[in-house]
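Source file: start-v9.tsv. Holds: TSV, C-alpha atoms.
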chain	number	residue	atom	x	y	z
A	1	MET	CA	123.52	114.69	95.31
A	2	ALA	CA	120.09	115.43	96.71
A	3	GLY	CA	118.58	118.72	95.71
A	4	GLN	CA	120.63	119.24	92.56
A	5	GLU	CA	118.82	119.35	89.26
A	6	THR	CA	119.56	120.15	85.65
A	7	VAL	CA	116.97	121.42	83.19
A	8	TYR	CA	117.49	120.08	79.70
A	9	THR	CA	116.14	122.60	77.21
A	10	ALA	CA	116.98	120.92	73.93
A	11	GLY	CA	117.87	117.45	72.77
A	12	ARG	CA	119.86	116.16	69.83
A	13	ALA	CA	117.02	117.00	67.44
A	14	GLY	CA	116.27	120.36	69.06
A	15	HIS	CA	113.06	119.41	70.86
A	16	ILE	CA	112.26	120.97	74.22
A	17	ARG	CA	112.80	118.61	77.14
A	18	SER	CA	109.73	118.02	79.28
A	19	PHE	CA	111.68	116.72	82.29
A	20	VAL	CA	114.20	117.87	84.85
A	21	ARG	CA	117.09	115.50	85.56
A	22	ARG	CA	116.99	115.47	89.37
A	23	GLN	CA	120.06	114.04	91.03
A	24	GLY	CA	118.02	112.67	93.92
A	25	ARG	CA	119.12	110.08	96.41
A	26	VAL	CA	119.22	106.52	95.15
A	27	SER	CA	118.70	104.02	97.96
A	28	ASN	CA	120.97	101.02	98.33
A	29	ALA	CA	118.13	98.71	97.27
A	30	GLN	CA	117.29	100.79	94.23
A	31	GLN	CA	120.94	100.88	93.16
A	32	ARG	CA	121.35	97.14	93.69
A	33	TYR	CA	118.26	96.19	91.71
A	34	HIS	CA	119.13	98.72	89.01
A	35	GLU	CA	122.54	97.12	88.57
A	36	GLU	CA	121.22	93.56	88.70
A	37	MET	CA	117.99	93.84	86.70
A	38	MET	CA	118.78	96.34	83.95
A	39	ALA	CA	121.22	93.82	82.51
A	40	SER	CA	118.25	91.54	81.76
A	41	ILE	CA	115.22	93.84	81.36
A	42	GLY	CA	116.90	97.12	80.40
A	43	ILE	CA	117.09	98.18	76.77
A	44	PRO	CA	119.86	100.64	75.89
A	45	TYR	CA	118.83	103.60	73.78
A	46	SER	CA	119.82	103.29	70.14
A	47	ALA	CA	118.93	105.44	67.15
A	48	THR	CA	117.73	102.32	65.32
A	49	ARG	CA	114.44	100.42	65.34
A	50	VAL	CA	114.22	97.54	67.76
A	51	ASP	CA	112.62	94.12	67.30
A	52	LEU	CA	110.05	94.03	70.11
A	53	ASP	CA	109.22	90.35	69.55
A	54	ALA	CA	112.89	89.50	70.10
A	55	LEU	CA	113.17	91.74	73.17
A	56	PHE	CA	110.15	90.21	74.88
A	57	GLY	CA	110.60	86.71	73.48
A	58	ARG	CA	107.08	86.51	72.09
A	59	ALA	CA	104.42	88.29	70.02
A	60	ALA	CA	101.90	90.13	72.22
A	61	PRO	CA	100.15	93.51	72.49
A	62	ARG	CA	102.73	96.15	73.43
A	63	ILE	CA	101.95	99.09	75.71
A	64	VAL	CA	104.37	101.92	76.45
A	65	GLU	CA	104.28	103.88	79.71
A	66	ILE	CA	106.02	107.25	79.58
A	67	GLY	CA	107.42	108.53	82.87
A	68	PHE	CA	106.45	105.72	85.24
A	69	GLY	CA	107.72	107.43	88.41
A	70	MET	CA	108.47	104.86	91.11
A	71	GLY	CA	106.80	102.11	89.11
A	72	GLU	CA	104.02	100.98	91.46
A	73	THR	CA	101.28	101.51	88.87
A	74	SER	CA	103.37	99.97	86.11
A	75	ALA	CA	104.06	96.82	88.11
A	76	ALA	CA	100.43	96.47	89.23
A	77	ILE	CA	99.12	96.75	85.66
A	78	ALA	CA	101.72	94.34	84.27
A	79	ALA	CA	100.98	91.80	87.02
A	80	ALA	CA	97.23	92.00	86.35
A	81	HIS	CA	97.63	91.67	82.57
A	82	PRO	CA	100.27	89.03	81.77
A	83	GLU	CA	98.84	88.76	78.26
A	84	ASN	CA	100.36	92.17	77.41
A	85	ASP	CA	103.96	93.36	77.25
A	86	TYR	CA	104.87	96.69	78.88
A	87	LEU	CA	107.73	98.97	77.92
A	88	GLY	CA	108.44	101.60	80.59
A	89	ILE	CA	110.35	104.78	79.74
A	90	GLU	CA	111.82	106.82	82.59
A	91	VAL	CA	114.90	109.01	83.02
A	92	HIS	CA	115.28	109.03	86.81
A	93	THR	CA	117.44	106.32	88.36
A	94	PRO	CA	115.54	106.01	91.69
A	95	GLY	CA	112.32	105.26	89.82
A	96	VAL	CA	114.01	102.81	87.45
A	97	GLY	CA	115.61	101.03	90.39
A	98	SER	CA	112.25	100.93	92.20
A	99	LEU	CA	110.49	99.33	89.23
A	100	CYS	CA	113.34	96.85	88.82
A	101	LYS	CA	112.83	95.84	92.44
A	102	LEU	CA	109.08	95.35	91.92
A	103	VAL	CA	109.65	93.33	88.76
A	104	ALA	CA	112.00	91.02	90.65
A	105	GLU	CA	109.76	90.68	93.71
A	106	LEU	CA	106.62	89.98	91.63
A	107	GLY	CA	108.40	87.72	89.16
A	108	LEU	CA	107.18	89.70	86.16
A	109	HIS	CA	108.30	88.59	82.71
A	110	ASN	CA	106.38	91.14	80.63
A	111	VAL	CA	108.21	94.35	81.55
A	112	ARG	CA	111.17	96.02	79.84
A	113	ILE	CA	112.68	99.42	80.66
A	114	ILE	CA	114.42	102.12	78.64
A	115	GLN	CA	116.12	104.82	80.71
A	116	HIS	CA	116.12	107.64	78.19
A	117	ASP	CA	114.20	110.60	76.79
A	118	ALA	CA	110.79	109.33	75.63
A	119	VAL	CA	110.69	111.58	72.55
A	120	GLU	CA	113.87	110.04	71.18
A	121	VAL	CA	112.79	106.50	72.09
A	122	LEU	CA	109.44	106.83	70.33
A	123	ARG	CA	110.98	108.57	67.33
A	124	ASP	CA	114.03	106.36	66.81
A	125	MET	CA	113.38	102.94	68.31
A	126	LEU	CA	109.70	102.13	67.72
A	127	GLY	CA	108.13	101.64	64.32
A	128	PRO	CA	104.81	102.86	62.95
A	129	ALA	CA	101.72	100.97	64.19
A	130	SER	CA	103.83	98.92	66.63
A	131	LEU	CA	101.91	99.70	69.83
A	132	ALA	CA	98.56	98.62	71.25
A	133	GLY	CA	98.56	101.44	73.79
A	134	VAL	CA	100.36	104.34	75.45
A	135	HIS	CA	100.04	105.35	79.11
A	136	LEU	CA	100.88	108.90	80.17
A	137	PHE	CA	99.94	109.13	83.83
A	138	PHE	CA	100.47	112.35	85.79
A	139	PRO	CA	103.22	113.91	83.68
A	140	ASP	CA	104.97	116.98	85.06
A	141	PRO	CA	102.34	119.76	84.75
A	142	TRP	CA	104.88	122.60	84.48
A	143	PRO	CA	102.27	124.83	86.16
A	144	LYS	CA	103.84	128.23	85.47
A	145	LYS	CA	102.54	129.69	82.23
A	146	ARG	CA	106.02	130.48	80.92
A	147	HIS	CA	106.89	126.78	81.29
A	148	HIS	CA	103.83	125.38	79.47
A	149	LYS	CA	106.00	124.85	76.38
A	150	ARG	CA	107.80	122.13	78.38
A	151	ARG	CA	104.65	120.07	78.83
A	152	LEU	CA	105.10	116.73	77.13
A	153	LEU	CA	101.72	116.43	75.42
A	154	GLN	CA	102.13	118.90	72.56
A	155	PRO	CA	100.72	118.50	69.01
A	156	ALA	CA	104.00	117.38	67.42
A	157	PHE	CA	104.69	114.72	70.07
A	158	LEU	CA	101.09	113.51	69.94
A	159	ALA	CA	101.38	113.13	66.16
A	160	LEU	CA	104.42	110.93	66.77
A	161	LEU	CA	102.55	108.87	69.39
A	162	ALA	CA	99.49	108.47	67.17
A	163	GLY	CA	101.66	107.20	64.33
A	164	ARG	CA	103.15	104.54	66.62
A	165	LEU	CA	99.69	103.20	67.54
A	166	ARG	CA	98.13	100.45	65.50
A	167	PRO	CA	94.53	101.06	64.32
A	168	GLY	CA	92.33	100.66	67.39
A	169	GLY	CA	95.27	101.28	69.73
A	170	TYR	CA	94.71	103.72	72.55
A	171	ILE	CA	96.42	106.54	74.40
A	172	HIS	CA	95.41	107.02	78.03
A	173	CYS	CA	96.41	110.24	79.81
A	174	ALA	CA	95.69	111.23	83.39
A	175	THR	CA	96.45	114.44	85.29
A	176	ASP	CA	95.44	116.16	88.50
A	177	TRP	CA	95.97	119.65	87.05
A	178	GLU	CA	92.73	120.94	85.51
A	179	ASP	CA	94.32	123.39	83.08
A	180	TYR	CA	96.67	120.66	81.82
A	181	ALA	CA	93.64	118.37	81.43
A	182	GLN	CA	91.99	121.06	79.31
A	183	GLN	CA	95.11	121.39	77.17
A	184	MET	CA	95.38	117.61	76.81
A	185	LEU	CA	91.75	117.38	75.70
A	186	ALA	CA	92.25	120.12	73.11
A	187	VAL	CA	95.45	118.60	71.73
A	188	LEU	CA	94.04	115.06	71.61
A	189	THR	CA	90.82	116.22	69.95
A	190	ALA	CA	92.76	118.08	67.27
A	191	GLU	CA	94.79	115.01	66.23
A	192	SER	CA	93.11	113.62	63.12
A	193	LEU	CA	94.27	110.03	63.67
A	194	LEU	CA	92.53	109.81	67.05
A	195	GLU	CA	88.95	109.68	68.30
A	196	ASN	CA	87.67	110.15	71.84
A	197	THR	CA	86.22	107.10	73.58
A	198	ALA	CA	84.09	109.36	75.79
A	199	ILE	CA	82.33	112.69	75.61
A	200	GLY	CA	85.08	114.86	77.03
A	201	TYR	CA	86.86	113.21	79.94
A	202	ALA	CA	86.63	109.46	80.55
A	203	PRO	CA	85.86	107.52	83.72
A	204	ARG	CA	89.01	106.02	85.21
A	205	PRO	CA	89.47	102.62	83.54
A	206	ASP	CA	89.58	99.71	85.97
A	207	TYR	CA	93.09	98.76	84.88
A	208	ARG	CA	94.57	102.02	86.21
A	209	PRO	CA	94.90	101.62	89.99
A	210	LEU	CA	94.65	104.60	92.29
A	211	THR	CA	98.03	105.71	93.63
A	212	LYS	CA	98.48	106.68	97.29
A	213	PHE	CA	99.10	110.26	96.20
A	214	GLU	CA	95.92	110.24	94.12
A	215	GLN	CA	93.85	108.74	96.95
A	216	ARG	CA	95.07	111.47	99.29
A	217	GLY	CA	94.23	114.14	96.74
A	218	LEU	CA	90.73	112.78	96.21
A	219	ARG	CA	90.12	112.79	99.97
A	220	LEU	CA	91.11	116.47	99.96
A	221	GLY	CA	88.71	117.19	97.13
A	222	HIS	CA	91.28	117.46	94.36
A	223	GLY	CA	90.20	116.45	90.87
A	224	VAL	CA	91.71	113.85	88.57
A	225	TRP	CA	91.00	113.80	84.85
A	226	ASP	CA	91.42	110.75	82.59
A	227	LEU	CA	91.38	110.92	78.80
A	228	VAL	CA	91.26	107.83	76.59
A	229	PHE	CA	91.52	108.24	72.83
A	230	ARG	CA	91.83	105.53	70.19
A	231	ARG	CA	93.48	105.48	66.80
A	232	ARG	CA	90.87	105.51	64.08
A	233	PRO	CA	90.51	102.24	62.13
A	234	GLU	CA	91.26	103.85	58.74
A	235	SER	CA	94.10	102.50	56.63
A	236	LEU	CA	97.63	103.16	57.77
A	237	GLN	CA	99.55	106.15	56.56
A	238	THR	CA	103.12	105.70	55.43
A	239	GLU	CA	106.05	106.95	57.45
A	240	ASP	CA	106.59	109.65	54.82
A	241	ASP	CA	103.03	110.87	55.35
A	242	ARG	CA	103.57	111.31	59.12
A	243	GLN	CA	106.67	113.41	59.58
A	244	ASP	CA	108.16	113.18	63.05
A	245	GLN	CA	108.79	116.88	63.47
A	246	LEU	CA	109.22	117.79	67.13
A	247	ALA	CA	108.62	121.30	68.41
Would you mind writing the structure in this file as structure tokens?
Amino acid sequence: MAGQETVYTAGRAGHIRSFVRRQGRVSNAQQRYHEEMMASIGIPYSATRVDLDALFGRAAPRIVEIGFGMGETSAAIAAAHPENDYLGIEVHTPGVGSLCKLVAELGLHNVRIIQHDAVEVLRDMLGPASLAGVHLFFPDPWPKKRHHKRRLLQPAFLALLAGRLRPGGYIHCATDWEDYAQQMLAVLTAESLLENTAIGYAPRPDYRPLTKFEQRGLRLGHGVWDLVFRRRPESLQTEDDRQDQLA
């Protein structure tokens, strides 16, 4: 029902949830496409590693988007870059149904979706050095200071993300909250596996389209901060060397 929400404070492994499960209205179209498309492009959560080549039917660079919202940006990027495969992770059914609809309408073959907590997906289903990139666009800023611990980009989760990147792979974050941008920059800079591609914040890469919300904010003088870091080209560390300990 609209307006109801549940805050999840701890998952199976005890990590703090960064999202609120909002029981918002699912439109008839979103529900229909969710039911029809998830059977073919949806990947059920499992606490075992998945074979991405088998899931996508080919070998290609793999990019994960965490929290894709209503999916407009995800679909636009996937349509513009058919040479890459995109794995979207989102918990909210309206957004999943919306992206399913866009995938069907655009005839995209390089998108798969997991409707589950991103921490558990990255930890349990994806192997070390399996990703060419990670997109984290406009995550929930949890603006109140007492809620900052719920922000997704924390050192432990970033260590997990960095370990899933192949050498030279990138993580691209964007936010319209300046204090979250400052925290992101500090956390990213402190991760030893990563190096900044810019001095501080990065110009918005051409592949990330402006959303309607972002365009409105820019017209009103609001700031947007992009950060693009890459995994250093040094030799891979073993899974035992990178412990997936989540705060």
* Would you work out the distance separating CA of Val96 in chain A from CA of Ala79 in chain A, expressed in Å to one decimal? => 17.1 Å
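Among A:Pro94, A:Glu72, A:Thr211, A:Pro61, the residue with the shortest atom-to-atom distance to Arg32 in chain A, counting all atoms listed in the file, is A:Pro94.
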* Asked: Just how far from CA of Gly57 in chain A is CA of Asn110 in chain A, in Å to one decimal?
  -> 9.4 Å
Starting from 8 Å padding per side, set up an axis-aligned box that covers all listed atoms of range 159-173 of chain A and hand over centre and edge lengths in Å, one decimal, as AutoDock Vina command-line options.
--center_x 98.4 --center_y 106.8 --center_z 72.1 --size_x 28.1 --size_y 28.7 --size_z 31.5
Give me, as a Markdown table, each residue of range 95-144 of chain A that comes within 12 Å of range 175-185 of chain A, together with its shortest interatomic pair and the distance in Å at one decimal, counting all atoms listed in the file, with rows ordered by chain and rising residue number.
| residue | atom | partner | partner_atom | distance |
| --- | --- | --- | --- | --- |
| A:His135 | CA | A:Thr175 | CA | 11.6 |
| A:Leu136 | CA | A:Thr175 | CA | 8.7 |
| A:Phe137 | CA | A:Thr175 | CA | 6.5 |
| A:Phe138 | CA | A:Thr175 | CA | 4.6 |
| A:Pro139 | CA | A:Thr175 | CA | 7.0 |
| A:Asp140 | CA | A:Thr175 | CA | 8.9 |
| A:Pro141 | CA | A:Tyr180 | CA | 6.4 |
| A:Trp142 | CA | A:Tyr180 | CA | 8.8 |
| A:Pro143 | CA | A:Trp177 | CA | 8.2 |
| A:Lys144 | CA | A:Asp179 | CA | 10.9 |
* **Contacts of Leu52 in chain A within 12 Å, only C-alpha atoms, excl. fewer than 2 positions in-chain, as a list in words** => Ile43, Arg49, Val50, Ala54, Leu55, Phe56, Gly57, Arg58, Ala59, Ala60, Pro61, Arg62, Ile63, Val64, Asp85, Tyr86, Leu87, Asn110, Val111, Arg112, Met125, Leu126, Gly127, Ser130 and Leu131 of chain A
* Asked: Do you know which residues are at most 12 Å from Thr73 in chain A counting all atoms listed in the file, after dropping those on the same chain fewer than 4 positions away, and could you put them as a VMD selection string?
  -> chain A and resid 65 to 69 77 to 80 86 88 95 98 to 99 102 to 103 135 to 138 207 to 214
* To do: Have a look at A:Pro233, A:Ser74, A:Gly163, A:Gly223 and name the one nearest to Glu195 in chain A; count all atoms listed in the file.
  =>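 The closest residue to Glu195 in chain A is A:Pro233.
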* Asked: Hey, which of A:Gly97, A:Ala39, A:Arg230, A:Ala76 ends up closest to Asp206 in chain A? Count only C-alpha atoms.
  -> A:Ala76
* May I have the residues within 9 Å of Pro44 in chain A as a list in words, using all atoms listed in the file and disregarding those fewer than 3 positions away in the same chain? =>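 Surrounding residues, per the criterion: Ile113, Ile114, Gln115 and His116 of chain A.
By all atoms listed in the file, and with residues fewer than 4 positions from Gly169 in chain A along its chain excluded, the set lying at most 6 Å from it is Ala132, Gly133, Leu165, Arg230 and Arg231 of chain A.
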Take the residues just selected and output them with C-alpha atoms as a CSV table (one decimal), in the coordinates of the input.
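Written output follows (selection_10.csv):
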chain,number,residue,atom,x,y,z
A,132,ALA,CA,98.6,98.6,71.2
A,133,GLY,CA,98.6,101.4,73.8
A,165,LEU,CA,99.7,103.2,67.5
A,230,ARG,CA,91.8,105.5,70.2
A,231,ARG,CA,93.5,105.5,66.8
* Which of A:Ile41, A:Pro167, A:Leu188, A:His92 sits closest to Arg25 in chain A [using all atoms listed in the file] ->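 Result for the nearest residue to Arg25 in chain A: A:His92.
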* Polymer residues at most 9 Å from Tyr201 in chain A, all atoms listed in the file, same-chain spacing of 3 or more positions, as a list in words ->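 Non-adjacent residues within range: Ala181, Leu185, Asn196, Thr197, Ala198, Trp225, Asp226, Leu227 and Val228 of chain A.
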Go ahead and write the residues just picked, C-alpha atoms, as a CSV table (one decimal), in the frame of the given file.
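The new file result_14.csv reads:
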chain,number,residue,atom,x,y,z
A,181,ALA,CA,93.6,118.4,81.4
A,185,LEU,CA,91.8,117.4,75.7
A,196,ASN,CA,87.7,110.2,71.8
A,197,THR,CA,86.2,107.1,73.6
A,198,ALA,CA,84.1,109.4,75.8
A,225,TRP,CA,91.0,113.8,84.8
A,226,ASP,CA,91.4,110.8,82.6
A,227,LEU,CA,91.4,110.9,78.8
A,228,VAL,CA,91.3,107.8,76.6
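Comparing the minimum interatomic distances between Ala118 in chain A and each of A:Met70, A:Ala156, A:Leu161, A:Val224, counting all atoms listed in the file, we find that A:Leu161 sits nearest.
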